[in-house]
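Notes to accompany the following structure.
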Amino acid sequence: MTQTDHAETEAPGARKLGALAERLRGPLLTTESPGYDEARALFNARKSARPLAIACCENVDDVRAALAWARASGVPLSVRAGGHGVHGLAIREGGLVIDLRAMDGVAIAADARQARVGGGARWNAVYEAAAAHGLGPTGGTETSVGVVGFTIGSGNAWLMRRHGLACDNVVSFELVTADGTVREVDADDPDLFWALKGGGGNFGVITAITLQLHPVPDQISAGMTFYAAEDAERTLRGYRDVMEEAPRDTAAMWALAPFPDDPQVPGPLRGRTVVLIAMLHVGPREEGERHLERLRTLAPTVLDTVGEVPFAQGIRVLDGVAPPGLQQYWRGMYLRSLDDEAVATTLPLVAVAPEMGMQVWRMGGAVDDVPAGATAIPRGERRYFMGLASAWVDPAESERIISATDAAGDAFAPWSSGACPNHVDRLTGEELRAALGEEIHDRLRAVKRQVDPGNVFAANQNIEP
Ligand SMILES: Cc1cc2nc3c(=O)[nH]c(=O)nc-3n(C[C@H](O)[C@H](O)[C@H](O)COP(=O)(O)OP(=O)(O)OC[C@H]3O[C@@H](n4cnc5c(N)ncnc54)[C@H](O)[C@@H]3O)c2cc1C
């Protein structure tokens with residue numbers, strides 16, 4: 001290949017990558033680099049793209065250099081942290097990825113009960129560091145999820161009924177905006193601070209976040225109770241009734257979950273779809289035992305793992321239930337109510353696609369204490385979160401499974417109060433507007449016009465300027 005031929009077949013910007021590599025402290029992975037394929041892999045194997053390069057940033061200067069280079073070269077950007085966005089927006093075909101995974105430090109200020117967390121950290125690091133001080137964040141229910149991505153999309157968290165959503169517990173953000181400015185954004189910067197609490201990655205790269213922590217007991221009651229799929233309706237009604245009366249210290253998820261025929265799966269669950277209720281209680285022991293006991297005796301059990309465990313272990317009860325590397329399609333939404341008709345209408349739909357799981361969380365408690373408009377996510381009318389999550393191996397099955405999942409999601413329309421942007425594929429502008437409501441969407445747009453008028457940060461649930 002001659003020099004000219006090579007230049008003609010190169011992606012735009014490729015010739016200048018050497019200049020970026022020189023400016024970065026961390027490595028710049030190109031399509032030829034060892035580790036490129038591992039670095040571009042996401043939780044959702046259905047979302048595969050070949051970026052031009054991946055800038056593995058080690059500090060704020062690396063982020064600024066990558067951002068400046070992408071803007072000058074006209075190469076589209078994306079931001080990657082924990083890689084759990086099922087929409088796959090963290091990588092773009094032919095784009096430059098700002099990969100924050102190496103920026104994963106966690107520093108605890110025990111007196112202030114705060115954690116300063118790097119933009120690429122995952123929840124497991126925060127839980128571990130905070131637990132050493134008897135503290136815990138309002139954080140992820142699967143602890144390998146990225147802290148920032150989870151939080152800026154609202155963050156339905158284990159401790160939300162006690163302390164609010166993850167976004168309700170942000171003290172400040174360190175933000176690199178499209179023009180390369182580094183800003184510490186807190187309550188003194190009310191519009192941008194508000195927008196970052198629900199508006200996702202629309203406003204820049206968050207290189208660090210300060211979170212409010214809360215005292216947690218050393219030992220908690222936690223675990224999972226499994227029931228037969230035939231008891232799905234009865235246990236979902238029972239879950240609803242118990243959780244309507246439960247104290248804020250009790251958190252629980254009801255799920256219908258297909259388990260693979262895999263020797264690593266416990267015998268009674270292997271190759272079966274079962275109901276599981278994952279639960280924990282972070283308040284007084286006797287009170288917890290009473291409420292959890294009710295959730296553990298809704299029908300004859302298949303398996304029960306609930307017991308006293310250290311907080312840092314109990315909070316990881318859902319880790320591994322959704323493994324990475326499968327094809328994924330999710331429909332997540334909030335429900336105004338979960339009446340008997342909702343339960344009865346929807347469960348048969350789940351049986352149509354054996355690959356589809358379904359999960360229900362009672363929201364409420366401290367989530368409802370935060371006034372509407374205080375953050376960039378709608379409040380009220382959000383009694384339950386309901387997630388349909390389909391996972392499969394063979395891409396040839398995608399069409400059938402996606403349409404079955406959509407049909408099940410559509411059947412919830414009479415009860416739905418809006419999609420959850422953290423738990424869905426990429427939303428169109430109209431869908432995002434509907435999910436957030438016009439008022440919040442318009443306000444986010446006004447902030448976007450000020451901070452990122454050129455829509456440099458477009459690889460997200462995008463608010464167009
Ligand atoms: C198994 C699993 C369990 C989950 N459980 C929950 C749950 O219980 N509650 C809940 O609310 N959500 C949950 N989620 C959804 C999850 O919170 C979102 O998908 C979140 O965006 C993932 O962030 P990430 O950093 O891991 O992913 P990535 O794919 O790396 O990032 C997703 C997007 O977030 C933005 N982003 C991430 N980090 C930054 C940053 N530092 N600066 C700027 N933008 C950034 C970017 O736009 C990026 O494209 C779950 C997802 C999975 C796969």
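In the structure tokens, each chain is lettered A, B, ... as it comes, each chain's residues begin at 1, and ligands are numbered from 1 in order of appearance.
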
So that I can see what lies close to stretch 128-140 of chain A, please list as number ranges by chain the residues with an atom at most 8 Å from it, counting only C-alpha atoms and leaving out residues fewer than 3 positions away in the same chain. A: 106-108, 110, 113, 115, 123-125, 143, 145, 147, 150, 155-160, 163-166, 169, 211-218, 311-312

Would you mind listing the residues within 7 Å of ligand 1, counting only C-alpha atoms and all ligand atoms, as a PyMOL selection string? chain A and resi 42-43+78-86+88-90+100+119-120+140-142+145-151+153-157+200-202+204-207+322+422-423+459-460

Selection to disk with C-alpha atoms, as a short mmCIF file (atom, residue, chain, number, x, y, z; two decimals), in the first residue's frame:
```cif
data_model
loop_
_atom_site.label_atom_id
_atom_site.label_comp_id
_atom_site.auth_asym_id
_atom_site.auth_seq_id
_atom_site.Cartn_x
_atom_site.Cartn_y
_atom_site.Cartn_z
CA LEU A 42 -19.25 -3.59 27.19
CA PHE A 43 -21.65 -5.36 29.57
CA SER A 78 -17.92 9.11 24.02
CA VAL A 79 -17.27 8.57 27.73
CA ARG A 80 -16.76 5.13 29.23
CA ALA A 81 -16.62 4.27 32.92
CA GLY A 82 -18.15 1.05 34.33
CA GLY A 83 -19.35 -0.07 30.87
CA HIS A 84 -22.79 -1.11 32.22
CA GLY A 85 -24.93 1.22 30.13
CA VAL A 86 -27.19 -1.28 28.32
CA GLY A 88 -23.98 0.93 24.70
CA LEU A 89 -23.43 4.67 24.32
CA ALA A 90 -19.99 4.49 25.96
CA LEU A 100 -12.08 6.73 32.84
CA GLY A 119 -15.04 9.41 37.68
CA GLY A 120 -14.28 5.82 36.63
CA GLY A 140 -25.57 0.37 43.29
CA THR A 141 -27.54 -2.83 43.68
CA GLU A 142 -25.01 -4.57 41.40
CA VAL A 145 -21.80 -0.68 37.93
CA GLY A 146 -20.01 2.68 37.55
CA VAL A 147 -20.67 5.21 40.34
CA VAL A 148 -21.02 8.32 38.19
CA GLY A 149 -23.10 6.82 35.34
CA PHE A 150 -25.50 5.34 37.89
CA THR A 151 -25.78 8.58 39.86
CA GLY A 153 -29.03 8.87 35.61
CA SER A 154 -30.82 9.08 39.01
CA GLY A 155 -29.60 5.89 40.75
CA ASN A 156 -32.24 3.55 42.16
CA ALA A 157 -30.18 2.34 45.07
CA GLY A 200 -26.82 12.06 32.49
CA GLY A 201 -23.57 12.69 30.61
CA ASN A 202 -24.89 15.67 28.64
CA GLY A 204 -19.24 17.17 30.28
CA VAL A 205 -16.88 14.58 31.71
CA ILE A 206 -17.24 14.08 35.46
CA THR A 207 -13.76 13.33 36.70
CA ALA A 322 -26.70 -10.53 35.69
CA ASN A 422 -30.83 4.26 33.12
CA HIS A 423 -32.57 1.01 32.16
CA ALA A 459 -23.27 9.90 23.15
CA ASN A 460 -25.80 9.66 25.97
#
```

Just the residues within 8 Å of A:Gly26, please, counting only C-alpha atoms, with nothing from its chain fewer than 3 positions along; format it as a VMD selection string. chain A and resid 55 to 58 62

For stretch 325-337 of chain A, find every residue with an atom within 7 Å (counting only C-alpha atoms), except residues of its own chain fewer than 4 positions away, and show them as a PyMOL selection string. chain A and resi 43-46+86+381-393+395+402+409+415-420+423-425

Could those residues be written to a file, using C-alpha atoms, as a tab-separated table (two decimals), in the first residue's frame?
```tsv
chain	number	residue	atom	x	y	z
A	43	PHE	CA	-21.65	-5.36	29.57
A	44	ASN	CA	-24.14	-5.63	26.71
A	45	ALA	CA	-22.54	-7.77	23.98
A	46	ARG	CA	-25.26	-6.60	21.54
A	86	VAL	CA	-27.19	-1.28	28.32
A	381	GLU	CA	-46.38	8.74	40.71
A	382	ARG	CA	-43.31	6.51	40.94
A	383	ARG	CA	-44.40	3.96	43.47
A	384	TYR	CA	-42.61	1.06	41.80
A	385	PHE	CA	-39.74	0.52	39.40
A	386	MET	CA	-40.36	-2.29	36.93
A	387	GLY	CA	-37.57	-3.60	34.74
A	388	LEU	CA	-37.85	-6.11	31.94
A	389	ALA	CA	-34.40	-7.46	31.11
A	390	SER	CA	-33.83	-10.02	28.38
A	391	ALA	CA	-30.45	-11.73	28.07
A	392	TRP	CA	-29.43	-14.31	25.46
A	393	VAL	CA	-26.41	-15.77	23.70
A	395	PRO	CA	-27.61	-12.85	18.04
A	402	ILE	CA	-36.68	-7.87	21.45
A	409	GLY	CA	-43.31	-3.51	28.17
A	415	TRP	CA	-49.73	1.65	34.88
A	416	SER	CA	-46.54	3.29	33.58
A	417	SER	CA	-45.53	6.77	34.70
A	418	GLY	CA	-42.51	6.93	32.38
A	419	ALA	CA	-39.39	5.16	31.13
A	420	CYS	CA	-36.26	5.03	33.29
A	423	HIS	CA	-32.57	1.01	32.16
A	424	VAL	CA	-33.41	1.27	28.48
A	425	ASP	CA	-31.85	1.26	25.04
```

Please indicate the distance in Å from atom CA of A:Val170 to atom CA of A:Ile440, rounded to one decimal place. 18.9 Å

Select from stretch 263-421 of chain A everything DSSP, run on the backbone, classes as strand (DSSP E), then give the selection as JSON, numbers by chain. {"A": [273, 274, 275, 276, 277, 278, 279, 280, 281, 301, 302, 303, 304, 307, 308, 309, 310, 327, 328, 329, 330, 331, 332, 333, 334, 335, 356, 357, 358, 359, 360, 361, 362, 384, 385, 386, 387, 388, 389, 390, 391, 392, 416, 417, 418, 419]}

Preceding selection exported with C-alpha atoms as a CSV table (one decimal), in the first residue's frame:
```csv
chain,number,residue,atom,x,y,z
A,273,THR,CA,-37.0,-19.8,35.8
A,274,VAL,CA,-37.7,-18.9,39.4
A,275,VAL,CA,-39.0,-16.1,41.5
A,276,LEU,CA,-36.4,-14.5,43.7
A,277,ILE,CA,-36.8,-11.8,46.4
A,278,ALA,CA,-33.5,-10.1,47.2
A,279,MET,CA,-33.8,-8.3,50.5
A,280,LEU,CA,-31.9,-6.5,53.2
A,281,HIS,CA,-32.7,-4.6,56.4
A,301,THR,CA,-39.5,-22.0,49.1
A,302,VAL,CA,-37.0,-23.5,46.6
A,303,LEU,CA,-34.0,-22.0,48.4
A,304,ASP,CA,-33.4,-19.4,51.1
A,307,GLY,CA,-29.1,-14.5,57.3
A,308,GLU,CA,-26.9,-12.1,59.3
A,309,VAL,CA,-23.9,-11.0,57.3
A,310,PRO,CA,-21.4,-8.1,57.4
A,327,GLN,CA,-26.9,-9.9,24.3
A,328,GLN,CA,-29.2,-7.6,26.4
A,329,TYR,CA,-32.4,-5.7,25.7
A,330,TRP,CA,-34.0,-3.8,28.6
A,331,ARG,CA,-37.3,-1.9,29.1
A,332,GLY,CA,-37.3,-0.1,32.5
A,333,MET,CA,-40.1,2.1,33.7
A,334,TYR,CA,-41.8,3.4,36.8
A,335,LEU,CA,-45.3,2.4,37.8
A,356,MET,CA,-36.8,-12.4,29.7
A,357,GLY,CA,-36.4,-11.5,33.4
A,358,MET,CA,-38.6,-9.1,35.3
A,359,GLN,CA,-37.9,-7.1,38.4
A,360,VAL,CA,-40.0,-5.0,40.6
A,361,TRP,CA,-38.7,-2.6,43.3
A,362,ARG,CA,-40.9,-0.7,45.8
A,384,TYR,CA,-42.6,1.1,41.8
A,385,PHE,CA,-39.7,0.5,39.4
A,386,MET,CA,-40.4,-2.3,36.9
A,387,GLY,CA,-37.6,-3.6,34.7
A,388,LEU,CA,-37.9,-6.1,31.9
A,389,ALA,CA,-34.4,-7.5,31.1
A,390,SER,CA,-33.8,-10.0,28.4
A,391,ALA,CA,-30.5,-11.7,28.1
A,392,TRP,CA,-29.4,-14.3,25.5
A,416,SER,CA,-46.5,3.3,33.6
A,417,SER,CA,-45.5,6.8,34.7
A,418,GLY,CA,-42.5,6.9,32.4
A,419,ALA,CA,-39.4,5.2,31.1
```

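Using only C-alpha atoms, the smallest distance between any of A:Gly429, A:Leu349, A:Asp369, A:Leu298 and A:Arg237 comes from A:Leu298.
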
List as a PyMOL selection string the protein and nucleic acid residues near A:Arg23, meaning an atom at most 9 Å away when only C-alpha atoms are counted, but skip any in the same chain fewer than 5 places from it. chain A and resi 18+61-62+65-66

Would you pick out the contacts of A:Asp368 at 8 Å or less, using only C-alpha atoms, so that residues sharing its chain but fewer than 2 positions from it are not included, and give the list as an mmCIF file with C-alpha atoms, in the first residue's frame?
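Here's the written file around-v1.cif:
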```cif
data_model
loop_
_atom_site.group_PDB
_atom_site.id
_atom_site.type_symbol
_atom_site.label_atom_id
_atom_site.label_comp_id
_atom_site.auth_asym_id
_atom_site.auth_seq_id
_atom_site.Cartn_x
_atom_site.Cartn_y
_atom_site.Cartn_z
ATOM 1 C CA GLY A 164 -32.951 8.867 48.765
ATOM 2 C CA GLY A 364 -41.044 5.325 48.305
ATOM 3 C CA GLY A 365 -39.625 6.366 51.658
ATOM 4 C CA ALA A 366 -36.925 9.036 51.398
ATOM 5 C CA VAL A 370 -37.352 15.140 47.821
ATOM 6 C CA PRO A 371 -39.631 17.765 46.279
ATOM 7 C CA ARG A 379 -40.894 12.540 41.325
ATOM 8 C CA GLY A 380 -44.307 11.399 42.468
#
```

So that I can check the secondary structure, give me every residue of stretch 197-390 of chain A assigned helix (DSSP H, G or I) by backbone DSSP, as number ranges by chain. A: 200-203, 229-245, 267-269, 285-296, 311-314, 340-352, 365-369

Save out the residues we just selected, C-alpha atoms, as a PDB file, in the first residue's frame.
```
ATOM      1  CA  GLY A 200     -26.817  12.060  32.490  1.00  0.00           C
ATOM      2  CA  GLY A 201     -23.571  12.692  30.614  1.00  0.00           C
ATOM      3  CA  ASN A 202     -24.892  15.666  28.643  1.00  0.00           C
ATOM      4  CA  PHE A 203     -22.826  18.386  30.283  1.00  0.00           C
ATOM      5  CA  ALA A 229     -42.246 -19.710  38.953  1.00  0.00           C
ATOM      6  CA  GLU A 230     -45.794 -21.098  39.421  1.00  0.00           C
ATOM      7  CA  ASP A 231     -46.006 -18.908  42.529  1.00  0.00           C
ATOM      8  CA  ALA A 232     -45.099 -15.743  40.611  1.00  0.00           C
ATOM      9  CA  GLU A 233     -48.484 -14.055  40.927  1.00  0.00           C
ATOM     10  CA  ARG A 234     -49.039 -14.946  44.561  1.00  0.00           C
ATOM     11  CA  THR A 235     -45.536 -13.845  45.619  1.00  0.00           C
ATOM     12  CA  LEU A 236     -45.670 -10.580  43.659  1.00  0.00           C
ATOM     13  CA  ARG A 237     -48.950  -9.657  45.353  1.00  0.00           C
ATOM     14  CA  GLY A 238     -47.448 -10.666  48.690  1.00  0.00           C
ATOM     15  CA  TYR A 239     -44.282  -8.641  48.032  1.00  0.00           C
ATOM     16  CA  ARG A 240     -46.408  -5.591  47.208  1.00  0.00           C
ATOM     17  CA  ASP A 241     -48.487  -5.916  50.385  1.00  0.00           C
ATOM     18  CA  VAL A 242     -45.459  -6.393  52.662  1.00  0.00           C
ATOM     19  CA  MET A 243     -43.526  -3.524  51.085  1.00  0.00           C
ATOM     20  CA  GLU A 244     -46.489  -1.134  51.373  1.00  0.00           C
ATOM     21  CA  GLU A 245     -46.142  -1.506  55.163  1.00  0.00           C
ATOM     22  CA  GLY A 267     -28.745 -27.150  41.868  1.00  0.00           C
ATOM     23  CA  PRO A 268     -32.341 -26.127  42.707  1.00  0.00           C
ATOM     24  CA  LEU A 269     -32.091 -23.092  40.357  1.00  0.00           C
ATOM     25  CA  ARG A 285     -32.516  -6.395  64.095  1.00  0.00           C
ATOM     26  CA  GLU A 286     -35.854  -7.596  65.478  1.00  0.00           C
ATOM     27  CA  GLU A 287     -37.809  -5.234  63.251  1.00  0.00           C
ATOM     28  CA  GLY A 288     -35.848  -6.447  60.224  1.00  0.00           C
ATOM     29  CA  GLU A 289     -36.355 -10.090  61.082  1.00  0.00           C
ATOM     30  CA  ARG A 290     -40.115  -9.511  61.329  1.00  0.00           C
ATOM     31  CA  HIS A 291     -40.454  -7.839  57.918  1.00  0.00           C
ATOM     32  CA  LEU A 292     -37.996 -10.072  56.105  1.00  0.00           C
ATOM     33  CA  GLU A 293     -39.703 -13.148  57.590  1.00  0.00           C
ATOM     34  CA  ARG A 294     -42.914 -12.084  55.838  1.00  0.00           C
ATOM     35  CA  LEU A 295     -41.063 -11.821  52.501  1.00  0.00           C
ATOM     36  CA  ARG A 296     -39.511 -15.257  53.088  1.00  0.00           C
ATOM     37  CA  PHE A 311     -22.870  -4.967  55.667  1.00  0.00           C
ATOM     38  CA  ALA A 312     -20.195  -5.009  52.921  1.00  0.00           C
ATOM     39  CA  GLN A 313     -21.212  -8.582  52.086  1.00  0.00           C
ATOM     40  CA  GLY A 314     -24.981  -8.167  52.356  1.00  0.00           C
ATOM     41  CA  ASP A 340     -53.969  -7.071  41.003  1.00  0.00           C
ATOM     42  CA  GLU A 341     -54.853  -6.410  37.393  1.00  0.00           C
ATOM     43  CA  ALA A 342     -51.302  -5.256  36.604  1.00  0.00           C
ATOM     44  CA  VAL A 343     -49.893  -8.374  38.215  1.00  0.00           C
ATOM     45  CA  ALA A 344     -52.307 -10.687  36.407  1.00  0.00           C
ATOM     46  CA  THR A 345     -52.026  -9.017  33.000  1.00  0.00           C
ATOM     47  CA  THR A 346     -48.319  -8.999  32.725  1.00  0.00           C
ATOM     48  CA  LEU A 347     -46.973 -12.200  34.176  1.00  0.00           C
ATOM     49  CA  PRO A 348     -48.169 -14.453  31.318  1.00  0.00           C
ATOM     50  CA  LEU A 349     -46.245 -12.191  28.910  1.00  0.00           C
ATOM     51  CA  VAL A 350     -43.008 -13.019  30.649  1.00  0.00           C
ATOM     52  CA  ALA A 351     -43.608 -16.690  29.871  1.00  0.00           C
ATOM     53  CA  VAL A 352     -43.655 -15.859  26.127  1.00  0.00           C
ATOM     54  CA  GLY A 365     -39.625   6.366  51.658  1.00  0.00           C
ATOM     55  CA  ALA A 366     -36.925   9.036  51.398  1.00  0.00           C
ATOM     56  CA  VAL A 367     -37.222   9.081  47.580  1.00  0.00           C
ATOM     57  CA  ASP A 368     -40.588  10.798  48.040  1.00  0.00           C
ATOM     58  CA  ASP A 369     -39.233  13.310  50.588  1.00  0.00           C
TER      59      ASP A 369
END
```

Within 12 Å of stretch 261-265 of chain A, counting only C-alpha atoms, which residues show up once you throw out same-chain ones fewer than 5 positions away? Write them as an NGL selection string, please. :A and (270-273 or 320-321)
